file target_21.cif (mmCIF, C-alpha atoms)
data_work
loop_
_atom_site.group_PDB
_atom_site.id
_atom_site.type_symbol
_atom_site.label_atom_id
_atom_site.label_comp_id
_atom_site.auth_asym_id
_atom_site.auth_seq_id
_atom_site.Cartn_x
_atom_site.Cartn_y
_atom_site.Cartn_z
ATOM 1 C CA MET A 704 3.937 -5.553 -24.758
ATOM 2 C CA GLU A 705 3.150 -6.112 -21.092
ATOM 3 C CA LYS A 706 -0.433 -6.947 -20.097
ATOM 4 C CA ILE A 707 -1.122 -6.318 -16.426
ATOM 5 C CA LEU A 708 -3.711 -7.876 -14.124
ATOM 6 C CA PHE A 709 -4.379 -5.625 -11.136
ATOM 7 C CA THR A 710 -6.248 -6.954 -8.078
ATOM 8 C CA GLY A 711 -7.677 -4.765 -5.326
ATOM 9 C CA ALA A 712 -8.124 -2.016 -7.883
ATOM 10 C CA ALA A 713 -10.709 -0.061 -5.910
ATOM 11 C CA GLY A 714 -8.421 0.403 -2.914
ATOM 12 C CA GLN A 715 -6.602 3.594 -2.017
ATOM 13 C CA LEU A 716 -3.356 2.669 -3.754
ATOM 14 C CA GLY A 717 -4.906 0.689 -6.590
ATOM 15 C CA VAL A 718 -6.757 3.615 -8.144
ATOM 16 C CA GLU A 719 -3.588 5.706 -8.194
ATOM 17 C CA ILE A 720 -1.230 3.086 -9.624
ATOM 18 C CA ILE A 721 -3.715 2.028 -12.293
ATOM 19 C CA SER A 722 -4.158 5.621 -13.461
ATOM 20 C CA LYS A 723 -0.388 5.992 -13.838
ATOM 21 C CA LEU A 724 0.103 2.622 -15.571
ATOM 22 C CA ARG A 725 -2.720 3.313 -18.033
ATOM 23 C CA ALA A 726 -1.244 6.716 -18.815
ATOM 24 C CA GLN A 727 2.110 5.067 -19.540
ATOM 25 C CA LEU A 728 1.024 1.855 -21.287
ATOM 26 C CA GLY A 729 -2.479 2.586 -22.589
ATOM 27 C CA ALA A 730 -5.815 1.845 -20.952
ATOM 28 C CA GLU A 731 -6.189 -1.602 -22.534
ATOM 29 C CA ALA A 732 -2.874 -2.782 -21.072
ATOM 30 C CA VAL A 733 -4.212 -2.842 -17.492
ATOM 31 C CA ILE A 734 -7.064 -5.152 -16.479
ATOM 32 C CA ALA A 735 -8.381 -3.739 -13.208
ATOM 33 C CA THR A 736 -10.248 -6.121 -10.906
ATOM 34 C CA ASP A 737 -11.953 -5.974 -7.534
ATOM 35 C CA ILE A 738 -14.717 -7.661 -5.580
ATOM 36 C CA ARG A 739 -16.855 -4.514 -5.925
ATOM 37 C CA GLN A 740 -18.020 -2.553 -8.942
ATOM 38 C CA ALA A 741 -15.767 0.008 -10.603
ATOM 39 C CA GLU A 742 -16.256 3.680 -9.866
ATOM 40 C CA GLY A 743 -14.609 6.884 -11.051
ATOM 41 C CA GLU A 744 -11.285 6.540 -12.853
ATOM 42 C CA LEU A 745 -11.424 2.741 -12.862
ATOM 43 C CA LYS A 746 -14.071 2.976 -15.562
ATOM 44 C CA ASN A 747 -11.485 4.446 -17.946
ATOM 45 C CA GLY A 748 -10.287 1.001 -18.977
ATOM 46 C CA PRO A 749 -11.027 -2.730 -18.734
ATOM 47 C CA PHE A 750 -12.528 -3.827 -15.429
ATOM 48 C CA GLU A 751 -13.793 -7.161 -14.086
ATOM 49 C CA ILE A 752 -15.262 -8.410 -10.848
ATOM 50 C CA LEU A 753 -12.776 -10.937 -9.444
ATOM 51 C CA ASP A 754 -12.711 -12.889 -6.189
ATOM 52 C CA VAL A 755 -9.012 -13.461 -5.498
ATOM 53 C CA THR A 756 -9.785 -16.303 -3.095
ATOM 54 C CA ASP A 757 -10.865 -18.274 -6.207
ATOM 55 C CA GLU A 758 -7.682 -19.538 -7.903
ATOM 56 C CA ALA A 759 -9.555 -20.879 -10.926
ATOM 57 C CA ALA A 760 -11.141 -17.493 -11.549
ATOM 58 C CA ILE A 761 -7.751 -15.759 -11.399
ATOM 59 C CA LEU A 762 -6.239 -18.300 -13.808
ATOM 60 C CA ASP A 763 -9.121 -17.854 -16.228
ATOM 61 C CA CYS A 764 -8.607 -14.089 -16.206
ATOM 62 C CA VAL A 765 -4.851 -14.485 -16.775
ATOM 63 C CA LYS A 766 -5.372 -16.792 -19.753
ATOM 64 C CA ARG A 767 -8.202 -14.808 -21.378
ATOM 65 C CA HIS A 768 -6.266 -11.558 -21.329
ATOM 66 C CA GLY A 769 -2.763 -12.872 -22.020
ATOM 67 C CA ILE A 770 -1.494 -11.449 -18.728
ATOM 68 C CA THR A 771 2.284 -11.034 -18.337
ATOM 69 C CA GLN A 772 2.416 -9.214 -14.972
ATOM 70 C CA ILE A 773 0.269 -9.148 -11.832
ATOM 71 C CA TYR A 774 -0.023 -6.374 -9.275
ATOM 72 C CA HIS A 775 -1.717 -8.144 -6.361
ATOM 73 C CA LEU A 776 -3.071 -5.515 -3.969
ATOM 74 C CA ALA A 777 -6.288 -7.165 -2.764
ATOM 75 C CA ALA A 778 -6.088 -7.330 1.042
ATOM 76 C CA LEU A 779 -7.833 -6.806 4.349
ATOM 77 C CA LEU A 780 -6.177 -3.862 6.129
ATOM 78 C CA SER A 781 -4.773 -3.780 9.638
ATOM 79 C CA ALA A 782 -7.687 -2.623 11.780
ATOM 80 C CA ARG A 783 -10.236 -4.810 9.974
ATOM 81 C CA ALA A 784 -7.903 -7.817 10.026
ATOM 82 C CA GLU A 785 -7.907 -7.788 13.832
ATOM 83 C CA LYS A 786 -11.691 -8.162 13.788
ATOM 84 C CA ASP A 787 -11.884 -10.998 11.235
ATOM 85 C CA ILE A 788 -8.871 -13.291 11.527
ATOM 86 C CA PRO A 789 -10.162 -16.085 9.232
ATOM 87 C CA LEU A 790 -10.968 -13.660 6.425
ATOM 88 C CA ALA A 791 -7.625 -11.901 6.859
ATOM 89 C CA ARG A 792 -5.763 -15.204 6.546
ATOM 90 C CA LYS A 793 -7.840 -16.322 3.561
ATOM 91 C CA LEU A 794 -7.574 -13.041 1.699
ATOM 92 C CA ASN A 795 -4.090 -11.869 2.637
ATOM 93 C CA ILE A 796 -2.260 -15.213 2.505
ATOM 94 C CA GLY A 797 -4.473 -17.612 0.557
ATOM 95 C CA SER A 798 -4.828 -15.294 -2.418
ATOM 96 C CA LEU A 799 -1.076 -14.664 -2.514
ATOM 97 C CA HIS A 800 -0.495 -18.399 -2.840
ATOM 98 C CA HIS A 801 -2.905 -18.448 -5.797
ATOM 99 C CA ILE A 802 -1.030 -15.614 -7.486
ATOM 100 C CA LEU A 803 2.403 -17.141 -6.901
ATOM 101 C CA ASN A 804 1.306 -20.546 -8.207
ATOM 102 C CA ILE A 805 -0.183 -18.984 -11.329
ATOM 103 C CA ALA A 806 2.920 -16.846 -11.889
ATOM 104 C CA ARG A 807 5.085 -19.959 -11.637
ATOM 105 C CA ASP A 808 2.937 -22.172 -13.847
ATOM 106 C CA GLN A 809 2.138 -19.540 -16.487
ATOM 107 C CA LYS A 810 5.707 -18.181 -16.458
ATOM 108 C CA LEU A 811 4.628 -14.590 -15.883
ATOM 109 C CA ASN A 812 7.280 -11.914 -16.205
ATOM 110 C CA ARG A 813 6.802 -10.191 -12.856
ATOM 111 C CA VAL A 814 4.564 -9.990 -9.786
ATOM 112 C CA PHE A 815 4.154 -7.131 -7.348
ATOM 113 C CA TRP A 816 2.818 -7.748 -3.837
ATOM 114 C CA PRO A 817 2.757 -5.102 -1.098
ATOM 115 C CA SER A 818 4.087 -5.677 2.379
ATOM 116 C CA SER A 819 4.017 -3.179 5.240
ATOM 117 C CA ILE A 820 5.862 -1.698 8.197
ATOM 118 C CA ALA A 821 3.480 -3.917 10.178
ATOM 119 C CA VAL A 822 6.030 -6.755 9.811
ATOM 120 C CA PHE A 823 8.008 -5.081 12.586
ATOM 121 C CA GLY A 824 7.096 -5.653 16.215
ATOM 122 C CA PRO A 825 7.913 -4.053 19.570
ATOM 123 C CA ASP A 826 11.445 -5.510 19.546
ATOM 124 C CA ALA A 827 12.396 -3.800 16.267
ATOM 125 C CA ASP A 828 14.609 -0.724 16.314
ATOM 126 C CA ALA A 829 12.045 2.052 16.718
ATOM 127 C CA ASP A 830 14.022 4.809 14.986
ATOM 128 C CA ASN A 831 15.420 4.429 11.472
ATOM 129 C CA THR A 832 14.402 0.772 11.498
ATOM 130 C CA PRO A 833 16.880 -1.028 9.213
ATOM 131 C CA GLN A 834 16.066 -3.596 6.564
ATOM 132 C CA SER A 835 17.509 -6.335 8.775
ATOM 133 C CA SER A 836 15.711 -5.361 11.987
ATOM 134 C CA PRO A 837 13.947 -8.226 13.811
ATOM 135 C CA CYS A 838 10.486 -8.982 12.424
ATOM 136 C CA ASN A 839 8.243 -10.239 15.224
ATOM 137 C CA PRO A 840 4.848 -8.669 14.527
ATOM 138 C CA THR A 841 2.102 -8.749 17.119
ATOM 139 C CA THR A 842 -0.873 -8.008 14.832
ATOM 140 C CA VAL A 843 -2.837 -10.268 12.488
ATOM 141 C CA TYR A 844 -2.008 -7.997 9.562
ATOM 142 C CA GLY A 845 1.702 -7.948 10.372
ATOM 143 C CA ILE A 846 1.880 -11.722 10.821
ATOM 144 C CA ASN A 847 0.216 -12.201 7.451
ATOM 145 C CA LYS A 848 2.562 -9.739 5.770
ATOM 146 C CA LEU A 849 5.676 -11.346 7.235
ATOM 147 C CA THR A 850 4.423 -14.769 6.131
ATOM 148 C CA GLY A 851 3.791 -13.389 2.653
ATOM 149 C CA GLU A 852 7.284 -11.924 2.444
ATOM 150 C CA GLN A 853 8.807 -15.322 3.140
ATOM 151 C CA TRP A 854 6.598 -17.028 0.560
ATOM 152 C CA CYS A 855 7.618 -14.434 -2.029
ATOM 153 C CA ALA A 856 11.298 -15.054 -1.297
ATOM 154 C CA TYR A 857 10.726 -18.826 -1.447
ATOM 155 C CA TYR A 858 8.999 -18.714 -4.841
ATOM 156 C CA HIS A 859 11.774 -16.528 -6.210
ATOM 157 C CA ARG A 860 14.526 -18.727 -4.803
ATOM 158 C CA THR A 861 12.923 -22.086 -5.642
ATOM 159 C CA PHE A 862 10.907 -21.470 -8.808
ATOM 160 C CA GLY A 863 12.448 -18.295 -10.229
ATOM 161 C CA VAL A 864 9.267 -16.229 -9.882
ATOM 162 C CA ASP A 865 10.256 -12.567 -10.237
ATOM 163 C CA VAL A 866 8.137 -11.271 -7.370
ATOM 164 C CA ARG A 867 8.868 -7.821 -5.955
ATOM 165 C CA SER A 868 7.617 -6.123 -2.818
ATOM 166 C CA LEU A 869 7.696 -2.914 -0.760
ATOM 167 C CA ARG A 870 7.102 -2.425 2.955
ATOM 168 C CA TYR A 871 4.760 0.520 2.648
ATOM 169 C CA PRO A 872 4.424 3.019 5.474
ATOM 170 C CA GLY A 873 1.075 4.742 6.011
ATOM 171 C CA LEU A 874 -0.181 6.036 2.664
ATOM 172 C CA ILE A 875 -1.995 9.326 2.221
ATOM 173 C CA GLY A 876 -3.890 10.345 -0.914
ATOM 174 C CA TYR A 877 -6.863 12.439 -1.954
ATOM 175 C CA LYS A 878 -8.671 10.109 -4.373
ATOM 176 C CA THR A 879 -10.079 7.575 -1.901
ATOM 177 C CA LEU A 880 -11.591 7.737 1.563
ATOM 178 C CA PRO A 881 -10.176 5.882 4.610
ATOM 179 C CA GLY A 882 -10.449 2.123 4.219
ATOM 180 C CA GLY A 883 -9.757 0.504 7.582
ATOM 181 C CA GLY A 884 -6.058 1.058 8.178
ATOM 182 C CA THR A 885 -4.439 2.256 11.387
ATOM 183 C CA THR A 886 -2.752 5.153 9.568
ATOM 184 C CA ASP A 887 -5.966 6.240 7.827
ATOM 185 C CA TYR A 888 -6.475 9.025 10.358
ATOM 186 C CA ALA A 889 -3.948 10.949 8.268
ATOM 187 C CA VAL A 890 -6.363 10.885 5.322
ATOM 188 C CA ASP A 891 -9.555 11.577 7.251
ATOM 189 C CA ILE A 892 -8.025 14.550 9.057
ATOM 190 C CA TYR A 893 -7.718 16.573 5.845
ATOM 191 C CA HIS A 894 -11.338 15.963 4.885
ATOM 192 C CA LYS A 895 -12.519 17.095 8.326
ATOM 193 C CA ALA A 896 -10.319 20.189 8.218
ATOM 194 C CA LEU A 897 -11.650 21.245 4.813
ATOM 195 C CA ALA A 898 -15.221 20.670 5.992
ATOM 196 C CA GLY A 899 -14.606 22.992 8.937
ATOM 197 C CA GLU A 900 -15.214 20.153 11.382
ATOM 198 C CA PRO A 901 -13.190 19.220 14.471
ATOM 199 C CA PHE A 902 -11.310 15.938 14.222
ATOM 200 C CA GLU A 903 -11.270 13.229 16.898
ATOM 201 C CA CYS A 904 -8.131 11.140 16.445
ATOM 202 C CA PHE A 905 -8.052 7.473 17.477
ATOM 203 C CA LEU A 906 -4.299 7.726 18.190
ATOM 204 C CA SER A 907 -2.577 9.776 20.879
ATOM 205 C CA ALA A 908 -1.109 13.176 20.026
ATOM 206 C CA GLY A 909 2.533 12.054 20.037
ATOM 207 C CA THR A 910 2.245 8.769 18.123
ATOM 208 C CA ARG A 911 4.858 9.084 15.379
ATOM 209 C CA LEU A 912 4.537 6.731 12.415
ATOM 210 C CA PRO A 913 6.252 6.442 9.018
ATOM 211 C CA MET A 914 4.064 7.970 6.312
ATOM 212 C CA MET A 915 4.167 8.639 2.582
ATOM 213 C CA TYR A 916 2.242 10.745 0.099
ATOM 214 C CA MET A 917 0.472 8.675 -2.525
ATOM 215 C CA ASP A 918 2.415 10.104 -5.472
ATOM 216 C CA ASP A 919 5.642 8.853 -3.912
ATOM 217 C CA ALA A 920 4.128 5.396 -3.263
ATOM 218 C CA VAL A 921 3.036 5.128 -6.888
ATOM 219 C CA LYS A 922 6.458 6.220 -8.125
ATOM 220 C CA ALA A 923 8.223 3.736 -5.845
ATOM 221 C CA THR A 924 6.021 0.847 -6.962
ATOM 222 C CA ILE A 925 6.414 1.428 -10.687
ATOM 223 C CA ASP A 926 10.137 2.200 -10.384
ATOM 224 C CA LEU A 927 10.699 -1.063 -8.512
ATOM 225 C CA MET A 928 8.762 -3.022 -11.123
ATOM 226 C CA ASN A 929 10.811 -1.403 -13.896
ATOM 227 C CA ALA A 930 14.168 -1.981 -12.195
ATOM 228 C CA PRO A 931 16.526 -4.573 -13.731
ATOM 229 C CA ALA A 932 16.226 -7.870 -11.875
ATOM 230 C CA ASP A 933 19.975 -8.131 -11.363
ATOM 231 C CA ARG A 934 19.947 -4.880 -9.359
ATOM 232 C CA LEU A 935 17.580 -6.211 -6.718
ATOM 233 C CA THR A 936 19.154 -7.658 -3.585
ATOM 234 C CA VAL A 937 15.979 -7.978 -1.455
ATOM 235 C CA ARG A 938 13.404 -10.629 -2.343
ATOM 236 C CA THR A 939 11.361 -10.474 0.839
ATOM 237 C CA SER A 940 10.300 -6.816 0.789
ATOM 238 C CA TYR A 941 12.157 -3.506 0.615
ATOM 239 C CA ASN A 942 11.999 -0.987 3.442
ATOM 240 C CA LEU A 943 10.481 2.221 2.069
ATOM 241 C CA GLY A 944 10.501 5.595 3.783
ATOM 242 C CA ALA A 945 9.601 9.219 3.185
ATOM 243 C CA MET A 946 8.521 11.098 6.356
ATOM 244 C CA SER A 947 7.404 10.473 9.928
ATOM 245 C CA PHE A 948 4.974 12.571 11.956
ATOM 246 C CA SER A 949 2.464 12.436 14.798
ATOM 247 C CA PRO A 950 -1.199 13.514 14.835
ATOM 248 C CA ALA A 951 -0.158 16.701 16.637
ATOM 249 C CA GLU A 952 2.391 17.482 13.933
ATOM 250 C CA ILE A 953 -0.005 16.946 11.034
ATOM 251 C CA ALA A 954 -2.586 19.098 12.853
ATOM 252 C CA ALA A 955 0.025 21.869 13.159
ATOM 253 C CA ALA A 956 0.789 21.602 9.433
ATOM 254 C CA ILE A 957 -2.921 21.939 8.650
ATOM 255 C CA ARG A 958 -3.253 24.988 10.938
ATOM 256 C CA ARG A 959 -0.677 26.771 8.814
ATOM 257 C CA HIS A 960 -3.390 26.755 6.127
ATOM 258 C CA ILE A 961 -6.563 26.561 8.267
ATOM 259 C CA PRO A 962 -5.762 28.370 11.548
ATOM 260 C CA GLY A 963 -9.021 27.431 13.287
ATOM 261 C CA PHE A 964 -8.662 23.669 12.845
ATOM 262 C CA GLU A 965 -9.364 21.713 16.048
ATOM 263 C CA ILE A 966 -8.243 18.214 17.028
ATOM 264 C CA SER A 967 -8.929 16.019 20.050
ATOM 265 C CA TYR A 968 -7.606 12.594 20.993
ATOM 266 C CA GLU A 969 -9.507 9.446 21.977
ATOM 267 C CA PRO A 970 -7.125 6.494 21.491
ATOM 268 C CA ASP A 971 -8.841 3.166 20.794
ATOM 269 C CA TYR A 972 -7.691 -0.366 19.945
ATOM 270 C CA ARG A 973 -5.683 1.003 17.015
ATOM 271 C CA GLN A 974 -3.305 2.698 19.449
ATOM 272 C CA GLN A 975 -1.905 -0.696 20.436
ATOM 273 C CA ILE A 976 -1.360 -1.539 16.776
ATOM 274 C CA ALA A 977 0.445 1.758 16.155
ATOM 275 C CA ASP A 978 2.592 1.324 19.264
ATOM 276 C CA SER A 979 3.987 -1.920 17.839
ATOM 277 C CA TRP A 980 5.262 -0.192 14.693
ATOM 278 C CA PRO A 981 8.454 1.822 14.059
ATOM 279 C CA ASN A 982 8.736 5.602 14.381
ATOM 280 C CA SER A 983 10.820 5.933 11.211
ATOM 281 C CA ILE A 984 12.322 3.723 8.502
ATOM 282 C CA ASP A 985 15.830 3.282 7.089
ATOM 283 C CA ASP A 986 15.432 2.629 3.353
ATOM 284 C CA ALA A 987 19.108 2.867 2.376
ATOM 285 C CA ILE A 988 19.032 -0.426 0.457
ATOM 286 C CA ALA A 989 16.119 0.693 -1.744
ATOM 287 C CA ARG A 990 17.966 3.933 -2.453
ATOM 288 C CA ALA A 991 21.113 2.027 -3.410
ATOM 289 C CA ASP A 992 19.496 -0.785 -5.429
ATOM 290 C CA TRP A 993 17.019 1.165 -7.581
ATOM 291 C CA ASN A 994 17.640 4.829 -6.771
ATOM 292 C CA TRP A 995 14.563 5.375 -4.601
ATOM 293 C CA LYS A 996 14.028 8.947 -3.389
ATOM 294 C CA PRO A 997 10.779 10.561 -2.141
ATOM 295 C CA ASP A 998 9.604 13.958 -3.362
ATOM 296 C CA PHE A 999 7.185 14.983 -0.587
ATOM 297 C CA ASP A 1000 7.617 15.993 3.052
ATOM 298 C CA LEU A 1001 4.805 16.838 5.496
ATOM 299 C CA ASP A 1002 4.379 20.466 4.461
ATOM 300 C CA ALA A 1003 4.434 19.699 0.736
ATOM 301 C CA MET A 1004 1.935 16.864 1.195
ATOM 302 C CA THR A 1005 -0.380 19.014 3.315
ATOM 303 C CA ALA A 1006 -0.468 21.740 0.671
ATOM 304 C CA GLU A 1007 -1.265 19.147 -2.012
ATOM 305 C CA MET A 1008 -4.009 17.439 -0.018
ATOM 306 C CA LEU A 1009 -5.760 20.661 0.941
ATOM 307 C CA SER A 1010 -5.697 21.954 -2.620
ATOM 308 C CA ARG A 1011 -6.665 18.743 -4.414
ATOM 309 C CA ILE A 1012 -9.404 17.246 -2.222
ATOM 310 C CA PRO A 1013 -12.046 19.918 -2.992
ATOM 311 C CA ASP A 1014 -11.589 19.842 -6.762
ATOM 312 C CA TYR A 1015 -11.439 16.059 -6.964
ATOM 313 C CA TRP A 1016 -14.498 15.294 -4.849
ATOM 314 C CA GLN A 1017 -16.611 18.050 -6.407
ATOM 315 C CA ASN A 1018 -16.040 16.503 -9.824
ATOM 316 C CA THR A 1019 -16.433 12.860 -8.814
#

call {"tool": "encode", "arguments": {"input": "target_21.cif", "output": "structure tokens"}}
result
Amino acid sequence: MEKILFTGAAGQLGVEIISKLRAQLGAEAVIATDIRQAEGELKNGPFEILDVTDEAAILDCVKRHGITQIYHLAALLSARAEKDIPLARKLNIGSLHHILNIARDQKLNRVFWPSSIAVFGPDADADNTPQSSPCNPTTVYGINKLTGEQWCAYYHRTFGVDVRSLRYPGLIGYKTLPGGGTTDYAVDIYHKALAGEPFECFLSAGTRLPMMYMDDAVKATIDLMNAPADRLTVRTSYNLGAMSFSPAEIAAAIRRHIPGFEISYEPDYRQQIADSWPNSIDDAIARADWNWKPDFDLDAMTAEMLSRIPDYWQNT
């Protein structure tokens, strides 16, 4: 039976994937870890405080629990990474090296590490960006992610580590609040709309970015990890797509449910980050290799977010 170590458990994506894995494998099969204390659903199974910049601490956890897989999601997100370059490098790259070394030495079955559309830069094809598009990122976060992709491919090629990765677009879910990402406006906007408050967006009205509802991100991650190794042709990181929209378009989708919703625009330093990213993603290789297909578009996601946020946060 697989025993999974999950880092960055308290993050937006971590909470969701852990809930699904525990439902499938049993609560005891997933050891959730983070640098901060567990809250909410994370308390429904084993949890430990873990500093992923400490390789010895990670190794100790792996040995004590008989870990066979690692989902390594601990990271400093895009907007925060620009403000603390040393920490971003230490956390986003240094910790990945620890995980890859441990996976190699302990002969773990599989590792998952998330990449991002941030690996693309201004010279990438803006529309339907293909898997092979140039990767020349201009942000700290993107540089770290591109570096990580190459290390993952190297450890697979040289040491046989079965490490798998997805280039996530912006992720939108109802179980966690915004955490410092450039696309997090698309989470905060729903909370403001439900509270009857106007929303001031830090991106311009027409800034289109690739996005994905959290349920689709969870499905993609687990499906990739369950895919036969011989089906996988990408060992850097798979392009992953679902929908693309602008702040004006998500505001219009919300107004179909809340007609009085108001939005204004005050672009800040995150606008430059967003401008360096693609408008939409071509994920044909993921669809061919492991049958990836999203379930949610903008309207379906908006209906889900507006219906689920009140119930979830009232009971949390």

call {"tool": "resolve_selection", "arguments": {"input": "target_21.cif", "expression": "the PyMOL selection byres ((chain A and resi 810-817) around 7)", "output": "list in words"}}
result
Thr771, Gln772, Ile773, Tyr774, His775, Leu776, Ala806, Arg807, Asp808, Gln809, Ser818, Ser819, Asp865, Val866, Arg867, Ser868, Leu869 and Arg870 of chain A

call {"tool": "resolve_selection", "arguments": {"input": "target_21.cif", "expression": "the PyMOL selection byres ((chain A and resi 853-862) around 9)", "output": "list in words"}}
result
Leu799, His800, Leu803, Asn804, Arg807, Trp816, Lys848, Leu849, Thr850, Gly851, Glu852, Gly863, Val864, Asp865, Val866, Arg867, Ser868, Val937, Arg938, Thr939 and Ser940 of chain A

call {"tool": "resolve_selection", "arguments": {"input": "target_21.cif", "expression": "the PyMOL selection byres ((chain A and resi 708-719) around 7)", "output": "list in words"}}
result
Lys706, Ile707, Ile720, Ile721, Ser722, Lys723, Val733, Ile734, Ala735, Thr736, Asp737, Ala741, Leu745, Ile770, Gln772, Ile773, Tyr774, His775, Leu776, Ala777, Thr879 and Val921 of chain A

call {"tool": "residues_around", "arguments": {"input": "target_21.cif", "residues": "segment 891-903 of chain A", "least_positions_apart": "2", "cutoff": "6 Å", "atoms": "only C-alpha atoms", "output": "ChimeraX atom specification"}}
result
/A:888-889,965-968

call {"tool": "atom_distance", "arguments": {"input": "target_21.cif", "atom1": "atom CA of Met928 of chain A", "atom2": "atom CA of Gln727 of chain A"}}
result
13.4 Å

call {"tool": "closest_residue", "arguments": {"input": "target_21.cif", "among": "A:Ala989, A:Ala827, A:Ala954, A:Ala784", "to": "Thr936 of chain A", "atoms": "only C-alpha atoms"}}
result
A:Ala989

call {"tool": "atom_distance", "arguments": {"input": "target_21.cif", "atom1": "atom CA of Arg934 of chain A", "atom2": "atom CA of Arg725 of chain A"}}
result
25.6 Å

call {"tool": "residues_around", "arguments": {"input": "target_21.cif", "residues": "Gln834 of chain A", "least_positions_apart": "6", "cutoff": "8 Å", "atoms": "only C-alpha atoms", "output": "PyMOL selection string"}}
result
chain A and resi 941-942+985-986+988

call {"tool": "closest_residue", "arguments": {"input": "target_21.cif", "among": "A:Pro997, A:Pro981, A:Pro931, A:Gly963", "to": "Met915 of chain A", "atoms": "all atoms listed in the file"}}
result
A:Pro997

call {"tool": "atom_distance", "arguments": {"input": "target_21.cif", "atom1": "atom CA of Cys764 of chain A", "atom2": "atom CA of Pro749 of chain A"}}
result
11.9 Å

call {"tool": "closest_residue", "arguments": {"input": "target_21.cif", "among": "A:Pro837, A:Thr756, A:Phe948, A:Cys904", "to": "Leu790 of chain A", "atoms": "all atoms listed in the file"}}
result
A:Thr756
